[in-house]
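The next block holds one structure in the form of structure tokens; read it before the comments.
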Amino acid sequence: MIPLPWYLLLAAALFCIGAYGVLSQRNGIVILMGIELMLNGANINLVAFWRYLEPGGATGQAFALFVYAVAAAEAVVGLALIIALWRTRDTVILEDVDLLKG
Amino acid sequence: MPTALLNLAWFIPLFPFLAFAAIPLFTYRNRKLSHTLVIGGIGAAFVLAQIVFWRAVTLPVGGGEHAFESTLIHWLSAGGERFTLGVYVDPATAVMLFMVPLVCLMIFIYSVGYMNFGTDEVDPRYSRFFSYMSLCATGMLGMVVFNNLLAFFIFWEIMGACSYLLIGFWYEKKSAMQAGLKAFLVTKVGDMFFMLGLVLLYSEVGSLAYRDIFSPETLEYLAHTPFMGTQFPLAAVIALLLFGGTVGKSAQFPLHVWLPDAMEGPTPVLALIHAATMVSAGVFLVVRTFPLFAAVEGGLQMTVVAAIGIFTAIFSSIIAVAQNDIKRVLAFSTISQLGYMVAALGIGAYVAGAFHLIIHAFFKALLFLGAGSVIHGMQRGHHHARENENKHHEQAPHAVGGRVTANPHEEFDPNDMRNMGGLAKRMPRTFWTFLIGGLALSGFPLVTAGFWSKGEILAQAYESFPVVFWVLAAAAGLTAFYTMRQICMVFFGQSRTNAAEHVPESVPSMTVPLIILAVFAISLGWAGIPEHFPVIGGLIPNWFHYFVGSTIEAGHAAEHAAKVVGHMSKAVHGFVWQPLAMGLIFALGGLGLGWLVYGWKPMQAGEMDRVEGTMRKVWLGWLYEAMRDRFYFDEIYQATFIRGSILLADLFYAFDHGVVDGLVNLAGRFGRSVSRVSDWLDANIVDALVNLAGRAGRGISEVSGILDLRVVDRLVDLTGLGTRRLSDLSNVVDLKVIDGAVNGVGDTIQAGGRFIRPTQTGRVQDYLLLAFLMVLALVATFFVILFLQI
């Protein structure tokens, strides 16, 4: 059986790739994809810990499912925001969106 | 071990899957390599499937407990539940394994020519197309070989996703994009029921493996346990829920609306979806779970299945008569034939339904590919005709005007059969193969496979279910009629447009698959000739019946099913001539009538459709229009479900706007009123009090003023002098020390602000980066502290 740290490394790698995407990409949709990667990195952690530490219960899987639900909701809101952005400002490049500038 | 070879079934879905995965990862840019991989993948699957098929036939494997099941591997765990996965080969699997890879292989080879490989017009997403097709084949093969309903469902959904991707393949076209979405959403309605059925089944039985759910004890239990206190047995409820999936996938009424719209996809896709894979999957689901359907004798579920089947069969063949789009006719014909199969299963004619499923896949793939060849030719011809015309224009710009030719600016529809005619001479190979497919579809006696499979269904319906028999026979007549109409309009008579005059024959990569499929459309029927058929019956054993029939009759695991089916289909055990005669009359009558109406005197350009003309004469024009517009189902769904969901969305919007926003605004308004009240209080009461105090103070000060002047002033003057000295001193301190300090603080803050300000870019990402760095810093701190403690 593959040892637990491998899964954790995979999860960390996925999370970092996602985080890098979120921080470095300009396209709003790609950023959303990065967020999904981060969520799935977390999911791998949850499921891996469940499998190795508490295989009898269902907590880890239940949490992973919960994360999926949240991710779906997040995608809905995020895409709606991007569509709204596209309609009002004609761009999905988040660098061009700086209404918060002080 | 005699069954060792059957383990090869594991690898059947693997090769198409590898081909699918390799394209986006490695070979996307190389078109030739991409299609070679995909064809190689399905070719490998084909070879393996043939090995498994022949092995399964020669053993032979049976149904139920006599089926082959490989060693199981541990697959999924959910909580304490364990799922295992294995391959499962019984006769139904085996015959599907014979059909699916073969038809897929033909379609893939054909696609090379259809997507214009090697010409300038090659599709820009050529490689992607092959990748999707390969995934779709994976879905179908995986669905067939594995041993439980969960894997079945997963692969079924893979196919659902593929149908979305493939129907909407030319997504630049809005109608194609919408058709893909429609196919996906409508089939999902059915899949929802399928999934509920699985949930119910799992919660009752605790397993989804075929071997467990079709064991006699389980079937017994399911047949005799009422569902949640109602009078329906669990088996019936589960069977009906599973049948919901079939209704969606196999486009049965009322979820048939997606299939005609699927015409927007590239034609090989239609062959793949309508013949070999998706739609067969729905019927295959019923075939697979038939013991559940048959577990309750004379139950409601069988009646529902049969009723939906016959209604779909008759009503879609009526619609098909009034369609002018070559692919749409075939689409409705597919719906109707699927209705046939479902009806057959509904009356317990399990073997006949499965037989028709296999035969239909071959001839319908043949017809769709033939139609694709025609359309492809029409596009070429149109192109060619237009080029000629342009040349003509250039040479003699004034000579135009004699004959009105196709206006190049007018939208030309290469699918419209009214634009065709006389193609038999120009594309002979397409014509002959299409003719064979058409005759097989109509059930032309003796030579075509369709005759044997349809005949078997009719024969089984005849004795026990007269209603089913007559409706199906009428549908068979209509089928023959519209098939003949189509053949006449496309291939006979004079060309009705310039484009049709310039149609070239298609390339060999398209016609060779047509010829191979045509061979099967004829010869496959010989596997299922009833033994009691006059003269030729018994020359070739009714192999299909023995083999597939053993799924139910030999497997004592499905004893109930055998009982029910045996009871239901007595007809098969002796030859009865009436259904055969009726089938012949309807098939030949339909073909003959079609020939009389459309073939005797070919249609001219611009002529009204003959059926339409006749119907208008007898004041049935409204009915024809209803047929042409598919009995307005799309409009009805638009008005109810789609309009309904839009209304619901509007309602939610109104709720959001009215209630949620209203509450927020209310809170704001409340705050504002509070402040206004306090403002008034301030102005009127607090100020009055303050003034009163002021006035009192003034009175007191006047009194004290007198005292002041006399007594205090003296003293004050004295102290004043002292104080001035002191204040001079403190002034110096004030200016230098305190002001300095205050200004210093201000300056520091300003400088700090100037320093921090650039971080406020307004870009969320920059803020995130900052947060991220902070987290990193915190983590670093944490570790530093950790180390220090150690």
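For the structure tokens, the naming scheme is as follows: chains receive sequential letters (A, B, ...) according to their order of presentation, residues are indexed from 1 within each chain, and ligands are indexed from 1 in presentation order.
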Within 10 Å of chain A, which residues belong to chain B? Use only C-alpha atoms and report them as a compact mmCIF listing (two decimals) with N, CA and C atoms, in the first residue's frame.
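The result, stored in part.txt:
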# COMPACT_ATOMS: atom_id res chain seq x y z
N SER B 77 -14.39 1.98 -1.61
CA SER B 77 -14.94 1.85 -0.27
C SER B 77 -15.65 3.15 0.04
N ALA B 78 -16.78 3.03 0.66
CA ALA B 78 -17.47 4.23 1.13
C ALA B 78 -17.91 3.92 2.54
N GLY B 79 -17.27 4.61 3.51
CA GLY B 79 -17.55 4.24 4.88
C GLY B 79 -17.15 2.79 5.06
N GLY B 80 -18.03 2.00 5.61
CA GLY B 80 -17.71 0.59 5.78
C GLY B 80 -18.08 -0.27 4.57
N GLU B 81 -18.75 0.32 3.59
CA GLU B 81 -19.21 -0.45 2.44
C GLU B 81 -18.05 -0.69 1.47
N ARG B 757 0.49 52.83 0.73
CA ARG B 757 -0.51 53.08 -0.29
C ARG B 757 -0.35 52.22 -1.54
N PRO B 758 0.83 52.04 -2.08
CA PRO B 758 0.93 51.25 -3.31
C PRO B 758 0.40 49.83 -3.17
N THR B 759 0.32 49.33 -1.94
CA THR B 759 -0.21 47.97 -1.83
C THR B 759 -1.71 47.95 -2.12
N GLN B 760 -2.36 49.09 -1.99
CA GLN B 760 -3.81 49.13 -2.26
C GLN B 760 -4.03 49.33 -3.74
N THR B 761 -3.77 48.27 -4.53
CA THR B 761 -3.88 48.43 -5.98
C THR B 761 -5.30 48.31 -6.45
N GLY B 762 -6.17 47.76 -5.61
CA GLY B 762 -7.52 47.50 -6.06
C GLY B 762 -7.65 46.14 -6.70
N ARG B 763 -6.55 45.43 -6.89
CA ARG B 763 -6.61 44.10 -7.51
C ARG B 763 -6.68 43.04 -6.43
N VAL B 764 -7.72 42.24 -6.51
CA VAL B 764 -7.96 41.26 -5.46
C VAL B 764 -6.78 40.31 -5.33
N GLN B 765 -6.20 40.00 -6.48
CA GLN B 765 -5.10 39.04 -6.45
C GLN B 765 -3.93 39.53 -5.60
N ASP B 766 -3.65 40.86 -5.68
CA ASP B 766 -2.55 41.40 -4.90
C ASP B 766 -2.83 41.26 -3.41
N TYR B 767 -4.11 41.51 -3.07
CA TYR B 767 -4.48 41.33 -1.66
C TYR B 767 -4.28 39.90 -1.24
N LEU B 768 -4.68 39.00 -2.15
CA LEU B 768 -4.53 37.58 -1.84
C LEU B 768 -3.08 37.22 -1.63
N LEU B 769 -2.23 37.76 -2.50
CA LEU B 769 -0.80 37.48 -2.40
C LEU B 769 -0.29 37.92 -1.04
N PHE B 772 -1.42 35.63 1.51
CA PHE B 772 -0.64 34.41 1.39
C PHE B 772 0.73 34.56 2.04
Which of chain A counts as helix (DSSP H, G or I) under DSSP, as a ChimeraX atom specification please? /A:4-24,28-53,59-89,94-96
What's around Asn43 in chain A at 10 Å? Count only C-alpha atoms, leave out sequence neighbours fewer than 5 positions away in its own chain, and write the answer as a list of chain:residue names.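 Once the adjacent positions are removed, what remains is A:Ala11, A:Phe15, A:Leu37, A:Met38, A:Ala48, A:Phe49, A:Gly60, A:Gln61, A:Phe63, A:Ala64, A:Leu65, A:Phe66, A:Val67, A:Tyr68.
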Once you have the residues from the selection above, write them out as a tab-separated table (two decimals), in the first residue's frame, restricted to N, CA and C atoms.
chain	number	residue	atom	x	y	z
A	11	ALA	N	-1.30	15.93	-2.45
A	11	ALA	CA	-2.28	16.95	-2.11
A	11	ALA	C	-1.62	18.32	-2.01
A	15	PHE	N	-2.36	21.52	-4.26
A	15	PHE	CA	-2.76	22.76	-3.62
A	15	PHE	C	-1.86	23.90	-4.09
A	37	LEU	N	-8.58	23.45	-8.06
A	37	LEU	CA	-7.43	22.59	-7.77
A	37	LEU	C	-7.10	22.61	-6.28
A	38	MET	N	-7.14	23.81	-5.71
A	38	MET	CA	-6.82	23.91	-4.28
A	38	MET	C	-7.82	23.10	-3.46
A	48	ALA	N	-7.44	10.88	2.20
A	48	ALA	CA	-6.27	10.09	2.58
A	48	ALA	C	-6.23	9.89	4.09
A	49	PHE	N	-6.49	10.93	4.83
A	49	PHE	CA	-6.48	10.79	6.29
A	49	PHE	C	-7.56	9.84	6.75
A	60	GLY	N	-14.32	11.40	6.69
A	60	GLY	CA	-13.47	12.01	5.67
A	60	GLY	C	-14.19	12.13	4.36
A	61	GLN	N	-14.87	11.04	3.98
A	61	GLN	CA	-15.59	11.09	2.71
A	61	GLN	C	-16.73	12.08	2.76
A	63	PHE	N	-16.85	14.72	4.51
A	63	PHE	CA	-16.29	16.07	4.39
A	63	PHE	C	-15.91	16.38	2.96
A	64	ALA	N	-15.34	15.38	2.30
A	64	ALA	CA	-14.95	15.60	0.91
A	64	ALA	C	-16.18	15.93	0.07
A	65	LEU	N	-17.26	15.21	0.33
A	65	LEU	CA	-18.50	15.50	-0.39
A	65	LEU	C	-18.98	16.91	-0.09
A	66	PHE	N	-18.84	17.26	1.17
A	66	PHE	CA	-19.23	18.60	1.58
A	66	PHE	C	-18.42	19.65	0.81
A	67	VAL	N	-17.11	19.36	0.69
A	67	VAL	CA	-16.25	20.28	-0.06
A	67	VAL	C	-16.71	20.37	-1.52
A	68	TYR	N	-17.12	19.22	-2.07
A	68	TYR	CA	-17.61	19.25	-3.44
A	68	TYR	C	-18.81	20.18	-3.57
Apply DSSP to the backbone of this structure and, from range 40-227 of chain B, keep only the residues in strand (DSSP E or B); write these as a list in words.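 So the strand (DSSP E or B) residues in range 40-227 of chain B would be Phe68, Glu69, Ile73, His74, Trp75, Leu76, Ser77, Ala78, Glu81, Arg82, Phe83, Thr84, Leu85, Val87, Tyr88, Val89, Phe146, Asn148, Ala209 and Pro226 of chain B.
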May I have the residues from that selection written out with N, CA and C atoms, as a short mmCIF file (atom, residue, chain, number, x, y, z; two decimals), in the first residue's frame?
data_model
loop_
_atom_site.label_atom_id
_atom_site.label_comp_id
_atom_site.auth_asym_id
_atom_site.auth_seq_id
_atom_site.Cartn_x
_atom_site.Cartn_y
_atom_site.Cartn_z
N PHE B 68 -20.27 -16.15 -16.80
CA PHE B 68 -18.89 -16.08 -16.36
C PHE B 68 -18.67 -14.80 -15.57
N GLU B 69 -18.02 -14.94 -14.42
CA GLU B 69 -17.65 -13.74 -13.67
C GLU B 69 -16.18 -13.89 -13.30
N ILE B 73 -11.94 -7.52 -8.17
CA ILE B 73 -10.94 -6.69 -7.52
C ILE B 73 -11.65 -5.71 -6.61
N HIS B 74 -10.93 -5.34 -5.58
CA HIS B 74 -11.46 -4.36 -4.64
C HIS B 74 -11.50 -3.01 -5.36
N TRP B 75 -12.65 -2.37 -5.36
CA TRP B 75 -12.79 -1.19 -6.22
C TRP B 75 -12.99 0.08 -5.39
N LEU B 76 -14.06 0.15 -4.65
CA LEU B 76 -14.39 1.39 -3.96
C LEU B 76 -14.73 1.07 -2.51
N SER B 77 -14.39 1.98 -1.61
CA SER B 77 -14.94 1.85 -0.27
C SER B 77 -15.65 3.15 0.04
N ALA B 78 -16.78 3.03 0.66
CA ALA B 78 -17.47 4.23 1.13
C ALA B 78 -17.91 3.92 2.54
N GLU B 81 -18.75 0.32 3.59
CA GLU B 81 -19.21 -0.45 2.44
C GLU B 81 -18.05 -0.69 1.47
N ARG B 82 -18.06 -1.89 0.89
CA ARG B 82 -17.01 -2.22 -0.08
C ARG B 82 -17.64 -2.54 -1.40
N PHE B 83 -17.07 -2.01 -2.48
CA PHE B 83 -17.52 -2.39 -3.80
C PHE B 83 -16.42 -3.15 -4.50
N THR B 84 -16.84 -4.18 -5.22
CA THR B 84 -15.85 -4.90 -6.00
C THR B 84 -16.22 -4.76 -7.48
N LEU B 85 -15.21 -5.04 -8.31
CA LEU B 85 -15.43 -4.89 -9.74
C LEU B 85 -14.89 -6.13 -10.43
N VAL B 87 -15.38 -8.55 -14.45
CA VAL B 87 -16.11 -8.58 -15.71
C VAL B 87 -17.11 -9.72 -15.64
N TYR B 88 -18.17 -9.56 -16.40
CA TYR B 88 -19.30 -10.47 -16.34
C TYR B 88 -19.70 -10.76 -17.77
N VAL B 89 -19.61 -12.01 -18.16
CA VAL B 89 -19.96 -12.34 -19.53
C VAL B 89 -21.11 -13.33 -19.52
N PHE B 146 -18.77 -4.86 -17.48
CA PHE B 146 -18.55 -4.97 -16.04
C PHE B 146 -19.73 -5.61 -15.33
N ASN B 148 -21.45 -4.92 -12.41
CA ASN B 148 -22.44 -4.36 -11.49
C ASN B 148 -23.07 -3.10 -12.05
N ALA B 209 -24.14 -5.85 -7.62
CA ALA B 209 -23.57 -6.82 -8.55
C ALA B 209 -24.69 -7.69 -9.11
N PRO B 226 -43.62 -5.25 -0.10
CA PRO B 226 -44.27 -4.04 -0.64
C PRO B 226 -43.38 -2.82 -0.43
#
